[in-house]
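Structure file my_file.txt (compact mmCIF, C-alpha atoms) follows.
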# COMPACT_ATOMS: atom_id res chain seq x y z
CA THR A 1 2.29 -15.85 11.90
CA TYR A 2 2.68 -14.50 8.42
CA CYS A 3 5.41 -13.41 6.09
CA HIS A 4 5.41 -10.08 4.26
CA LEU A 5 6.12 -11.06 0.66
CA PRO A 6 6.77 -8.67 -2.21
CA ILE A 7 3.52 -8.84 -4.14
CA HIS A 8 5.26 -7.83 -7.37
CA GLY A 9 6.69 -11.35 -7.51
CA PHE A 10 3.20 -12.59 -8.45
CA SER A 11 2.32 -9.94 -11.03
CA ASN A 12 2.00 -12.37 -13.99
CA VAL A 13 -0.62 -14.69 -12.49
CA GLN A 14 -4.19 -15.01 -13.80
CA ASP A 15 -5.75 -16.19 -10.53
CA LEU A 16 -4.65 -14.83 -7.16
CA GLU A 17 -5.79 -15.47 -3.58
CA ILE A 18 -4.30 -13.15 -0.98
CA GLU A 19 -4.75 -11.51 2.38
CA LEU A 20 -3.98 -8.09 1.00
CA ASN A 21 -2.91 -6.55 4.31
CA LYS A 22 -0.38 -9.32 4.87
CA VAL A 23 1.40 -9.03 1.52
CA CYS A 24 1.19 -5.33 0.85
CA THR A 25 1.07 -2.04 2.73
CA GLU A 26 -0.27 1.30 1.57
CA LEU A 27 3.33 2.45 1.02
CA ASP A 28 4.46 -0.52 -1.10
CA PRO A 29 4.66 -0.05 -4.85
CA ILE A 30 2.14 -2.16 -6.76
CA LEU A 31 3.12 -3.32 -10.24
CA PRO A 32 0.51 -3.95 -12.94
CA PHE A 33 -1.26 -7.31 -12.79
CA ASN A 34 -2.05 -7.36 -16.51
CA ASN A 35 -2.96 -11.06 -16.65
CA LEU A 36 -5.06 -11.16 -13.47
CA THR A 37 -8.68 -12.12 -14.20
CA LYS A 38 -9.70 -13.61 -10.82
CA LEU A 39 -8.89 -12.17 -7.42
CA LYS A 40 -9.88 -13.59 -4.04
CA VAL A 41 -9.09 -11.24 -1.17
CA SER A 42 -9.40 -12.23 2.47
CA SER A 43 -9.67 -9.90 5.47
CA VAL A 44 -9.86 -6.68 3.48
CA ASN A 45 -12.18 -4.83 5.86
CA SER A 46 -9.24 -3.44 7.77
CA ASN A 47 -8.00 -1.55 4.71
CA TRP A 48 -10.45 -0.58 1.93
CA ARG A 49 -8.07 2.08 0.60
CA LEU A 50 -5.44 -0.53 -0.17
CA LEU A 51 -7.97 -2.65 -2.05
CA LEU A 52 -9.09 0.32 -4.14
CA ARG A 53 -5.46 1.14 -4.91
CA PHE A 54 -4.87 -2.48 -5.93
CA PHE A 55 -7.82 -2.32 -8.38
CA ASN A 56 -5.98 0.35 -10.35
CA HIS A 57 -3.34 -2.25 -11.24
CA CYS A 58 -5.72 -5.04 -12.37
CA ARG A 59 -7.08 -3.89 -15.75
CA ASN A 60 -8.45 -7.32 -16.73
CA LEU A 61 -10.09 -8.35 -13.46
CA ARG A 62 -13.34 -10.19 -14.24
CA THR A 63 -14.05 -12.08 -11.01
CA LEU A 64 -13.71 -10.66 -7.51
CA GLU A 65 -14.27 -12.61 -4.30
CA LEU A 66 -14.13 -10.80 -0.97
CA ASN A 67 -13.99 -13.01 2.12
CA GLU A 68 -14.28 -11.42 5.52
CA GLU A 69 -14.30 -14.59 7.64
CA GLU A 70 -11.18 -13.66 9.60
CA ARG A 71 -11.17 -10.05 10.75
CA ASP A 72 -8.42 -8.44 12.76
CA PHE A 73 -10.69 -5.47 13.38
CA VAL A 74 -13.52 -3.66 11.67
CA SER A 75 -12.78 -0.42 9.90
CA ASN A 76 -15.16 1.77 7.98
CA ASP A 77 -12.47 3.63 6.06
CA TRP A 78 -14.21 3.33 2.70
CA VAL A 79 -13.46 6.42 0.63
CA GLU A 80 -14.95 6.52 -2.84
CA PRO A 81 -12.15 7.11 -5.33
CA GLU A 82 -12.24 10.19 -7.56
CA GLU A 83 -12.00 7.97 -10.64
CA VAL A 84 -13.55 4.54 -11.04
CA PRO A 85 -10.80 1.96 -11.67
CA TYR A 86 -10.96 0.64 -15.24
CA CYS A 87 -11.47 -2.99 -14.15
CA ILE A 88 -14.47 -2.01 -12.03
CA HIS A 89 -16.09 0.19 -14.65
CA SER A 90 -15.50 -1.92 -17.77
CA VAL A 91 -14.40 -5.48 -17.04
CA LEU A 92 -15.69 -6.90 -13.72
CA THR A 93 -18.51 -9.38 -14.42
CA ASN A 94 -18.83 -11.43 -11.19
CA CYS A 95 -18.46 -10.52 -7.54
CA THR A 96 -18.97 -12.54 -4.35
CA PHE A 97 -18.85 -11.14 -0.83
CA ASP A 98 -18.52 -13.91 1.74
CA HIS A 99 -19.11 -13.45 5.50
CA PHE A 100 -20.77 -10.07 4.94
CA LEU A 101 -21.70 -8.50 8.30
CA GLY A 102 -23.37 -5.35 7.04
CA GLU A 103 -20.69 -2.99 8.39
CA ILE A 104 -20.65 0.51 6.90
CA GLY A 105 -17.48 -0.07 4.85
CA GLU A 106 -18.83 -3.34 3.47
CA LYS A 107 -22.13 -1.76 2.44
CA GLU A 108 -20.40 1.19 0.81
CA CYS A 109 -18.14 -1.17 -1.14
CA VAL A 110 -21.11 -3.20 -2.41
CA MET A 111 -23.11 -0.08 -3.31
CA TYR A 112 -20.08 1.33 -5.12
CA LEU A 113 -19.69 -1.86 -7.17
CA LEU A 114 -23.40 -1.99 -7.99
CA LYS A 115 -23.32 1.62 -9.10
CA HIS A 116 -20.09 1.63 -11.13
CA ALA A 117 -19.47 -1.91 -12.43
CA LYS A 118 -21.17 -1.54 -15.82
CA ALA A 119 -20.27 -5.07 -16.99
CA LEU A 120 -21.35 -6.75 -13.74
CA ASN A 121 -23.61 -9.75 -14.40
CA SER A 122 -23.81 -11.27 -10.94
CA MET A 123 -23.21 -10.31 -7.33
CA ALA A 124 -23.64 -12.76 -4.45
CA ILE A 125 -23.65 -11.71 -0.82
CA ARG A 126 -23.31 -14.46 1.78
CA CYS A 127 -24.35 -13.37 5.25
CA SER A 128 -25.88 -14.61 8.47
CA HIS A 129 -29.63 -14.73 8.82
CA GLY A 130 -29.95 -11.50 10.84
CA THR A 131 -27.76 -9.25 8.66
CA LYS A 132 -29.63 -6.24 7.32
CA VAL A 133 -29.27 -5.85 3.55
CA GLU A 134 -32.38 -3.84 2.68
CA ASP A 135 -30.43 -0.72 1.66
CA LEU A 136 -28.32 -2.84 -0.69
CA ILE A 137 -31.43 -4.26 -2.30
CA SER A 138 -32.82 -0.77 -2.90
CA CYS A 139 -29.47 0.30 -4.42
CA TYR A 140 -29.48 -2.84 -6.58
CA LYS A 141 -32.74 -1.91 -8.28
CA GLY A 142 -30.85 0.52 -10.51
CA ALA A 143 -28.08 -1.94 -11.37
CA GLY A 144 -28.27 -4.21 -14.39
CA CYS A 145 -27.09 -7.40 -12.72
CA GLU A 146 -28.40 -10.31 -10.70
CA LEU A 147 -28.08 -9.83 -6.93
CA ARG A 148 -28.27 -12.93 -4.74
CA VAL A 149 -28.38 -12.72 -0.96
CA ILE A 150 -27.52 -16.11 0.52
CA ARG A 151 -28.47 -16.38 4.18
CA ARG A 152 -26.63 -18.69 6.55
CA TYR A 153 -28.03 -19.85 9.84
CA ASN A 154 -25.30 -19.79 12.48
Render the structure in this file as structure tokens.
Amino acid sequence: TYCHLPIHGFSNVQDLEIELNKVCTELDPILPFNNLTKLKVSSVNSNWRLLLRFFNHCRNLRTLELNEEERDFVSNDWVEPEEVPYCIHSVLTNCTFDHFLGEIGEKECVMYLLKHAKALNSMAIRCSHGTKVEDLISCYKGAGCELRVIRRYN
């Protein structure tokens, strides 16, 4: 059970942890989150477009944590935006992707961040032992950040 809350009620926070699909829909207006520097998003894989739209309202986002532990379903609806959101291009310094399964949408998101996040210092990917990440590692070679792949044995 969850409650659909108006996300604009939290627009002044610096640190936010949300299940984006449960507090916002693609049709809801999103107000600027000018003070937001750390965002932890759970269960985003069912709506990459909404996450990308949300980035356009977080100009000061420095730390991003994506957690895919609880998935309603897997969607590969990643569509690279025409313009790189300002926070991704100029501000984002740290990114963690937890419970990475290697799905197409997940890989495209990581490759997009590695390619466009010019201020990125560190990216950590936590995945199970058998998850294939070789294509991410080859994409990483052109990025100027530290990439850590943390394997879990399940």
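Our summary of the geometry notes that CA of Leu66 in chain A is positioned 8.6 Å from CA of His99 in chain A.
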Skipping near chain neighbours, those fewer than 5 positions away, what residues fall within 9 Å of Val84 in chain A using all atoms listed in the file, listed as a JSON list (two decimals) with C-alpha atoms, keeping the file's coordinate frame?
[["chain", "number", "residue", "atom", "x", "y", "z"],
["A", 56, "ASN", "CA", -5.98, 0.35, -10.35],
["A", 89, "HIS", "CA", -16.09, 0.19, -14.65],
["A", 116, "HIS", "CA", -20.09, 1.63, -11.13],
["A", 117, "ALA", "CA", -19.47, -1.91, -12.43]]
Within-12 Å shell of (-22.8, -1.1, -9.8) in input frame, all atoms listed in the file, as a count of residues only: 36
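Between Lys38 in chain A and the candidates A:Val133, A:Cys58, A:Leu64, A:Cys87, the tightest atom-to-atom separation, counting all atoms listed in the file, involves A:Leu64.
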Up to 9 Å from (-10.2, 1.5, 0.0) in the file's coordinates: name the residues, counting only C-alpha atoms, as a ChimeraX atom specification. /A:44-45,47-54,77-81,105,109
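Residues lying within 12 Å of Lys132 in chain A, counting all atoms listed in the file and ignoring same-chain neighbours fewer than 2 positions away, are Phe100, Leu101, Gly102, Glu103, Ile104, Glu106, Lys107, Ile125, Arg126, Cys127, Ser128, His129, Gly130, Glu134, Asp135, Leu136, Ile137, Val149 and Arg151 of chain A.
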Can you pull out every residue within 8 Å of Leu31 in chain A, counting all atoms listed in the file, but drop anything in the same chain fewer than 2 positions away, and send it as JSON, numbers by chain? {"A": [8, 11, 29, 33, 57]}
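Here CA of Asn12 in chain A and CA of Asn34 in chain A stand 6.9 Å from one another.
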Restricting to only C-alpha atoms, whichever of A:Glu19, A:Glu69, A:Glu83, A:Asp98 is closest to Phe55 in chain A is A:Glu83
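You can rank A:Asp15, A:Leu20, A:Phe10, A:Phe97 by their closest distance to Pro32 in chain A using only C-alpha atoms, and at the top of that list sits A:Phe10.
What separates CA of Thr63 in chain A from CA of Glu17 in chain A is a distance of 11.6 Å.
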